[in-house]
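Q: Dropping a structure here in structure tokens format, bear with me for questions.
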Amino acid sequence: MAAGVLYVSFDGVLQPLPFSQVVRVVAGLSRRGLRYHLLSVERAEDLDDAKLREAVHETLRSAGVAWTPVRRAGTMGTPRRAAAIARAVTTEALAIARRDDIALVHARGYQSAAVAYALKKLLGLHFLFDPRGYWIEERSGPGGWFSAPSSYAIGKFVEQKLFRAADAVVTLTDLQAADVAAGLFGPPPKLLEVIPTCADYDAFRLRDDRPEKPLGVGRVPGAVQQRLAGKIVVGLVGAWNATYFTKESLALARRVAQSNAQTHVLVLSAQQREYRTALESAGLSSERYTLASADHWHMPEWLQWIDWGLLLVPETAANRAKMPTKLAEFFAAGVRPVFFGCNSDAARWVERAGSGHVLRSIDDSELDRAARTIAESTADGARLRVAREVTEPHFSLASGLARYHRTVEACLAGTPGTLGTGSRFAGALGANGVSRVR
């Protein structure tokens, strides 16, 4: 029997986003001949949903992936609770590794990397670190786990230990890869690869006759279809939180609505009460916007109705290593991204695709300029096709699986890789507040 890979995720795959970014990846890699066992931490209420649990289990089982879910009641909001869950996951991981001839731990995120670090020390397993961002920076703000200088120093020390122990590192951005390759966390790993948050380009159909809409088809409710028919639809997709510049996004949406009577704002979010209050405060009348909630699995159909997607993201130290999940889906579906912030890597891809608009700032004059661009836009199917063709080699699930497969096989074989220390990972070391570990 071939040596196995244990994928550890503290993000529950019964939630839509981890399902997309974890289940589809491990299932795809399993179908390519790798033997995967998925160990994930799941919310109790999700595990108690028998229909949902069985649907995910069947997806994994049909691909040959074993799955061990660890039940989590409540949140992991305190270090003590997180440590208790980490102990339970480590105990389960050790049992799986010994029973299933595991040779490599594929760790998603820092908490999973701590589990992989323990298995490497105890059992000598290889370790692939898939950090998904800069976790210490994410939690170093006011009230965060690492907000105090002492806790931040401890966090950065542990972070360095995890990166140093990894046989391979997969980053979401060239910027983080440049940090790793240049020694921000100590000696670089043998293998370094960039794989962004990917979208299944086969699932998202490119409709180049925008702003015409696919009336009468799909799961989008008929009442919503009628409100959006014949309109230039500006979309906000996602939760109401500090991940996005929500206030500025709504201010931009209001400007577009004022500039062109044929525009309509579509908000896809479960937090409809919060958005309704904010939309009314922004001065948008109820006739100019629609609030809806959409399952992640149905997103390919919903994106057929959006012409411009707003992605205004704070440019923080943590976001240097992030790639907005919706960006790949926008490219695949022909949605034109309106982008600000996050990091220069993401902005560069929007510019390279050529279908969207990148804001230089989020002050009033720049919001006005972006609103005019959207309000005066005309359908250009050729531009949408080019954007999809340009981005597919980097953002498609198929491309991501190929790069993961190559990296995992090299780890299992113990093959040293070639670090991309040249122009591919060129970037300003430590920009946006990320500090070197000393």
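Chain identifiers are assigned as A, B, and so on, following the order in which chains appear in the structure tokens; residues are numbered from 1 within each chain, and ligands are numbered from 1 in order of appearance.
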When DSSP is applied to the backbone of this structure, which of region 52-93 of chain A are assigned strand (DSSP E or B)? Write them out as a PDB file with C-alpha atoms, in the first residue's frame.

A:
ATOM      1  CA  ALA A  66     -11.128   8.568   4.533  1.00  0.00           C
ATOM      2  CA  TRP A  67     -12.623  11.197   6.852  1.00  0.00           C
ATOM      3  CA  THR A  68     -12.408  11.612  10.613  1.00  0.00           C
ATOM      4  CA  PRO A  69     -14.405  14.583  11.970  1.00  0.00           C
ATOM      5  CA  VAL A  70     -13.672  15.889  15.482  1.00  0.00           C
ATOM      6  CA  ARG A  71     -16.715  17.413  17.178  1.00  0.00           C
ATOM      7  CA  ARG A  72     -16.437  20.975  18.484  1.00  0.00           C
TER       8      ARG A  72
END

Q: Within 9 Å of His37 (chain A), counting only C-alpha atoms, which residues show up once you throw out same-chain ones fewer than 3 positions away? Write them as a list in words, please.

A: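 The filter keeps Gly4, Val5, Leu6, Tyr7, Val8, Val26, Gly64, Val65, Ala66, Trp67, Thr68, Ile96, Asp100 and Ile102 of chain A.
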
Q: Just give me the gap between CA of Ile362 (chain A) and CA of Ala261 (chain A) in Å, one decimal is fine.

A: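 About the pair CA of Ile362 (chain A) and CA of Ala261 (chain A): they are 23.2 Å apart.
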
Q: For a test of reading the model, state the distance in Å between CA of Met299 (chain A) and CA of Ser20 (chain A), rounded to one decimal.

A: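 We find that CA of Met299 (chain A) and CA of Ser20 (chain A) lie 11.2 Å from each other.
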
Q: Could you make a table, as JSON lines, of the residues of region 315-356 of chain A that have an atom within 12 Å of an atom of region 233-239 of chain A, each with its nearest atom pair and distance in Å to one decimal, counting only C-alpha atoms, in chain and number order?

A:
{"residue": "A:Pro324", "atom": "CA", "partner": "A:Gly238", "partner_atom": "CA", "distance": 10.8}
{"residue": "A:Thr325", "atom": "CA", "partner": "A:Gly238", "partner_atom": "CA", "distance": 10.0}
{"residue": "A:Lys326", "atom": "CA", "partner": "A:Val237", "partner_atom": "CA", "distance": 7.9}
{"residue": "A:Leu327", "atom": "CA", "partner": "A:Val237", "partner_atom": "CA", "distance": 10.8}
{"residue": "A:Glu329", "atom": "CA", "partner": "A:Val237", "partner_atom": "CA", "distance": 11.1}
{"residue": "A:Phe330", "atom": "CA", "partner": "A:Gly235", "partner_atom": "CA", "distance": 10.5}
{"residue": "A:Val335", "atom": "CA", "partner": "A:Gly235", "partner_atom": "CA", "distance": 9.1}
{"residue": "A:Arg336", "atom": "CA", "partner": "A:Val234", "partner_atom": "CA", "distance": 9.4}
{"residue": "A:Pro337", "atom": "CA", "partner": "A:Gly235", "partner_atom": "CA", "distance": 9.5}
{"residue": "A:Val338", "atom": "CA", "partner": "A:Val234", "partner_atom": "CA", "distance": 9.5}
{"residue": "A:Phe339", "atom": "CA", "partner": "A:Leu236", "partner_atom": "CA", "distance": 11.8}

Q: Between A:Val408, A:Leu252, A:Ala242, A:Val13, single out the one closest to Val169 (chain A), counting only C-alpha atoms.

A: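 Smallest distance to Val169 (chain A) is found for A:Val408.
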
Q: Among the residues of region 114-212 of chain A, find those DSSP assigns to alpha helix (DSSP H) from the backbone and print them as a PyMOL selection string.

A: chain A and resi 114-123+135-138+149-165+174-181

Q: What's around Thr78 (chain A) at 12 Å? Count only C-alpha atoms, leave out sequence neighbours fewer than 5 positions away in its own chain, and write the answer as JSON, numbers by chain.

A: {"A": [83, 84, 85, 139, 143, 144, 145, 146]}

Q: Just want the 10 Å neighbourhood of Arg205 (chain A), counted on only C-alpha atoms, with same-chain residues fewer than 4 positions away dropped. Output as a list in words.

A: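 What passes the distance filter is Tyr201, Pro300, Glu301, Leu303, Gln304, Ala332, Ala333 and Gly334 of chain A.
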
Q: Which one is closest to Asp167 (chain A): A:His126, A:Arg320, A:Arg273, A:Arg352? Count only C-alpha atoms.

A: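 The shortest atom-to-atom distance to Asp167 (chain A) comes from A:His126.
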
Q: For each of A:Leu206, A:Ala353, A:Leu228, A:Ala347, take the minimum atom-to-atom distance to Gly381 (chain A), counting only C-alpha atoms, then give the residue where this is smallest.

A: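 Among A:Leu206, A:Ala353, A:Leu228, A:Ala347, it is A:Leu206 that comes nearest to Gly381 (chain A).
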
Q: So what do you get for CA of Asp345 (chain A) versus CA of Asp202 (chain A), distance-wise?

A: 24.4 Å

Q: For region 281-298 of chain A, list every protein, DNA or RNA residue within 7 Å, evaluated using only C-alpha atoms, and leave out those in the same chain fewer than 6 positions away; present the list as a PDB file with C-alpha atoms, in the first residue's frame.

A:
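In the end it all went to out28.pdb:
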ATOM      1  CA  PRO A  16     -19.292  25.921   2.405  1.00  0.00           C
ATOM      2  CA  LEU A 250     -22.041  50.555  -0.086  1.00  0.00           C
ATOM      3  CA  ALA A 251     -21.037  54.159  -0.708  1.00  0.00           C
ATOM      4  CA  ARG A 254     -24.948  54.174  -4.047  1.00  0.00           C
ATOM      5  CA  HIS A 264     -29.180  47.396  -9.347  1.00  0.00           C
ATOM      6  CA  VAL A 265     -27.311  46.262  -6.228  1.00  0.00           C
ATOM      7  CA  LEU A 266     -27.431  42.573  -5.286  1.00  0.00           C
ATOM      8  CA  VAL A 267     -26.166  41.552  -1.828  1.00  0.00           C
ATOM      9  CA  LEU A 268     -25.577  37.837  -1.239  1.00  0.00           C
ATOM     10  CA  SER A 269     -25.130  37.318   2.489  1.00  0.00           C
ATOM     11  CA  ALA A 270     -26.727  35.534   5.416  1.00  0.00           C
ATOM     12  CA  GLN A 272     -29.431  40.476   5.713  1.00  0.00           C
TER      13      GLN A 272
END

Q: Just the residues within 7 Å of Thr173 (chain A), please, counting only C-alpha atoms, with nothing from its chain fewer than 4 positions along; format it as a list in words.

A: Ala177, Val194, Pro196, Ala321, Lys322, Met323 and Asp345 of chain A

Q: Near Asp209 (chain A), counting only C-alpha atoms, which residues have an atom at most 9 Å away, once you skip same-chain residues fewer than 3 positions from it, shown as number ranges by chain?

A: A: 212-213, 379-381

Q: Which of these, A:Ile232, A:Val358, A:Val25, A:Ala3, has the shortest distance to Ile306 (chain A) once you count only C-alpha atoms?

A: A:Ile232

Q: Which residue gives the smallest distance to Ala253 (chain A) among A:Ile374, A:Leu17, A:Cys342, A:Leu39, with only C-alpha atoms counted?

A: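 That would be A:Ile374, the residue with the smallest distance to Ala253 (chain A).
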